[in-house]
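Working notes for the structure below.
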Amino acid sequence: MSRRRNFSQGRCPHCKLGNPFCYCDKLEKAEGKIHVTLLMHFREKFLTTNTANLVHLSLKKSNIVERGLKDDTVHILKEGHTPIYLFPHEEAQELTPENLAKLDTTKPLQLIVPDGSWRQAKKMKRREEEIKDIPCFKLTHASSRYEFRRQTKQTNLCTAEAVAYALEALSDFEAVEILMENFKTMEEAIKASRPPLG
């Protein structure tokens, strides 16, 4: 039985959990100052532990672009915005006000964030011609507390955590507060949906 078919049989199409555990009506949605674009690998689309879906459900100024399918052509950059890419590539600068000041600050920011496994995320920027040359930024002094996805390093963040840390660095504090509150709600719902150990 396919995942797509499973979702027609009692799973929420938004949070992906079974309907008894759906938490969508508990979520707040932030207006936010910064538009967040999530480059989601198509294999992440139906995973209950995927946090890019949560970011999109939490931020009014956000969209998801699905990647990794054959012959897919999509538009990533948002017109009238200054795009920045969030990932700790070798050439990435630290996400600080000083480094951001070098960009065109007359336009609103578009924060582009890859979503997938570490290996998938690492490849996205160089594979997408449209964003290959936009400035890349990284977070420092950030650590993950998300227990539902295995990380090879404590500094490897899930997507919601990465977005929250970035928005905090960009002084979008209302969006950070709402996103992290929703993150707790998601974690509680996933725990409730899983049978107890032992």
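Letters A, B, ... mark the chains of the structure tokens in the order given; residue numbers begin at 1 per chain; ligand numbers begin at 1, in order shown.
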
Strand (DSSP E or B) positions in chain A, given as a ChimeraX atom specification:
/A:11,18,30,35-41,59,62-67,82-86,93-94,109-115,136-138

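Nearest to Ala101 of chain A of all the residues A:Lys26, A:Leu170, A:Lys45, A:His14 is A:Leu170, counting only C-alpha atoms.
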
Close residues, segment 126-134 of chain A itself excluded, 8 Å, only C-alpha atoms, min 4 positions apart in chain, as a list in words
His75, Ile76, Leu77, Pro83, Ile84 and Tyr85 of chain A

Could those residues be written to a file, using N, CA and C atoms, as a PDB file, in the first residue's frame?
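Resulting contents of part-v1.pdb:
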```pdb
ATOM      1  N   HIS A  75      10.100  27.489  -9.988  1.00  0.00           N
ATOM      2  CA  HIS A  75      10.674  28.816  -9.762  1.00  0.00           C
ATOM      3  C   HIS A  75      10.869  28.992  -8.263  1.00  0.00           C
ATOM      4  N   ILE A  76      12.080  29.327  -7.842  1.00  0.00           N
ATOM      5  CA  ILE A  76      12.406  29.409  -6.415  1.00  0.00           C
ATOM      6  C   ILE A  76      12.455  30.853  -5.923  1.00  0.00           C
ATOM      7  N   LEU A  77      13.115  31.723  -6.677  1.00  0.00           N
ATOM      8  CA  LEU A  77      13.323  33.094  -6.220  1.00  0.00           C
ATOM      9  C   LEU A  77      12.032  33.902  -6.262  1.00  0.00           C
ATOM     10  N   PRO A  83      17.412  37.365  -1.891  1.00  0.00           N
ATOM     11  CA  PRO A  83      17.465  35.980  -1.419  1.00  0.00           C
ATOM     12  C   PRO A  83      18.763  35.659  -0.689  1.00  0.00           C
ATOM     13  N   ILE A  84      18.641  34.860   0.372  1.00  0.00           N
ATOM     14  CA  ILE A  84      19.816  34.298   1.042  1.00  0.00           C
ATOM     15  C   ILE A  84      19.551  32.816   1.277  1.00  0.00           C
ATOM     16  N   TYR A  85      20.614  32.043   1.277  1.00  0.00           N
ATOM     17  CA  TYR A  85      20.499  30.590   1.410  1.00  0.00           C
ATOM     18  C   TYR A  85      21.100  30.162   2.745  1.00  0.00           C
TER      19      TYR A  85
END
```

Compare A:Cys12, A:Leu38, A:Ala52, A:Ala175 by their minimum atom-to-atom distance to Val65 of chain A, counting only C-alpha atoms, and give me the closest one.
A:Leu38

Who sits within 6 Å of Gln110 of chain A, only C-alpha atoms, same chain under 3 positions skipped, as an NGL selection string:
:A and (35-36 or 81-83)

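Counting only C-alpha atoms and comparing A:Lys78, A:His56, A:Lys102, A:His141, the residue that lies closest to Glu31 of chain A is A:His56.
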
Pick from A:Pro195, A:Pro135, A:Ile190, A:His41: nearest to Phe21 of chain A, with only C-alpha atoms counted?
A:Ile190

What residues in chain A get the DSSP label helix (DSSP H, G or I)? Please answer as a ChimeraX atom specification.
/A:3-7,19-21,24-26,42-44,52-58,97-100,118-127,129-131,159-169,173-193

Tell me, as a PDB file with C-alpha atoms, in the first residue's frame, which residues lie within 10 Å of Trp118 of chain A, counting only C-alpha atoms; anything in the same chain fewer than 3 positions away does not count.
```pdb
ATOM      1  CA  PRO A 114      16.876  23.103   2.144  1.00  0.00           C
ATOM      2  CA  ASP A 115      14.846  20.302   3.705  1.00  0.00           C
ATOM      3  CA  ALA A 121      20.337  19.173   1.563  1.00  0.00           C
ATOM      4  CA  LYS A 122      24.046  19.536   0.852  1.00  0.00           C
ATOM      5  CA  LYS A 123      23.490  19.022  -2.883  1.00  0.00           C
ATOM      6  CA  GLN A 151      21.463  13.666  13.536  1.00  0.00           C
ATOM      7  CA  THR A 152      25.108  12.788  12.988  1.00  0.00           C
ATOM      8  CA  ASN A 156      22.893  19.454  12.672  1.00  0.00           C
ATOM      9  CA  LEU A 157      19.481  21.040  13.119  1.00  0.00           C
ATOM     10  CA  CYS A 158      16.071  19.940  11.942  1.00  0.00           C
TER      11      CYS A 158
END
```

Find the residues around Ala192 of chain A up to 12 Å (only C-alpha atoms counted), leave out those fewer than 6 positions away in its own chain, and share them as JSON, numbers by chain.
{"A": [17, 18, 20, 21, 22, 23, 185, 186]}

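Using only C-alpha atoms, the protein and nucleic acid residues lying no more than 7 Å from Gly32 of chain A, apart from those fewer than 2 places from it along its own chain, are Ala30, Ile34, Leu59, Lys61, Asp172, Glu174 and Ala175 of chain A.
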
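Interatomic distance, atom CA of Leu100 of chain A to atom CA of Ile178 of chain A: 24.0 Å.
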
How close does segment 51-93 of chain A get to segment 160-163 of chain A? List, as a tab-separated table, each residue of segment 51-93 of chain A within 12 Å, its nearest atom pair and the distance in Å to one decimal, counting only C-alpha atoms.
```
residue	atom	partner	partner_atom	distance
A:Thr51	CA	A:Ala160	CA	5.4
A:Ala52	CA	A:Ala160	CA	6.2
A:Asn53	CA	A:Ala160	CA	8.8
A:Leu54	CA	A:Ala160	CA	7.1
A:Val55	CA	A:Ala160	CA	5.9
A:His56	CA	A:Ala160	CA	9.5
A:Leu57	CA	A:Ala160	CA	10.9
A:Ser58	CA	A:Ala160	CA	9.8
A:Leu59	CA	A:Val163	CA	10.6
A:Ser62	CA	A:Val163	CA	11.1
A:Tyr85	CA	A:Val163	CA	11.1
A:Leu86	CA	A:Ala162	CA	8.2
A:Phe87	CA	A:Ala162	CA	9.0
A:Pro88	CA	A:Ala162	CA	10.9
```
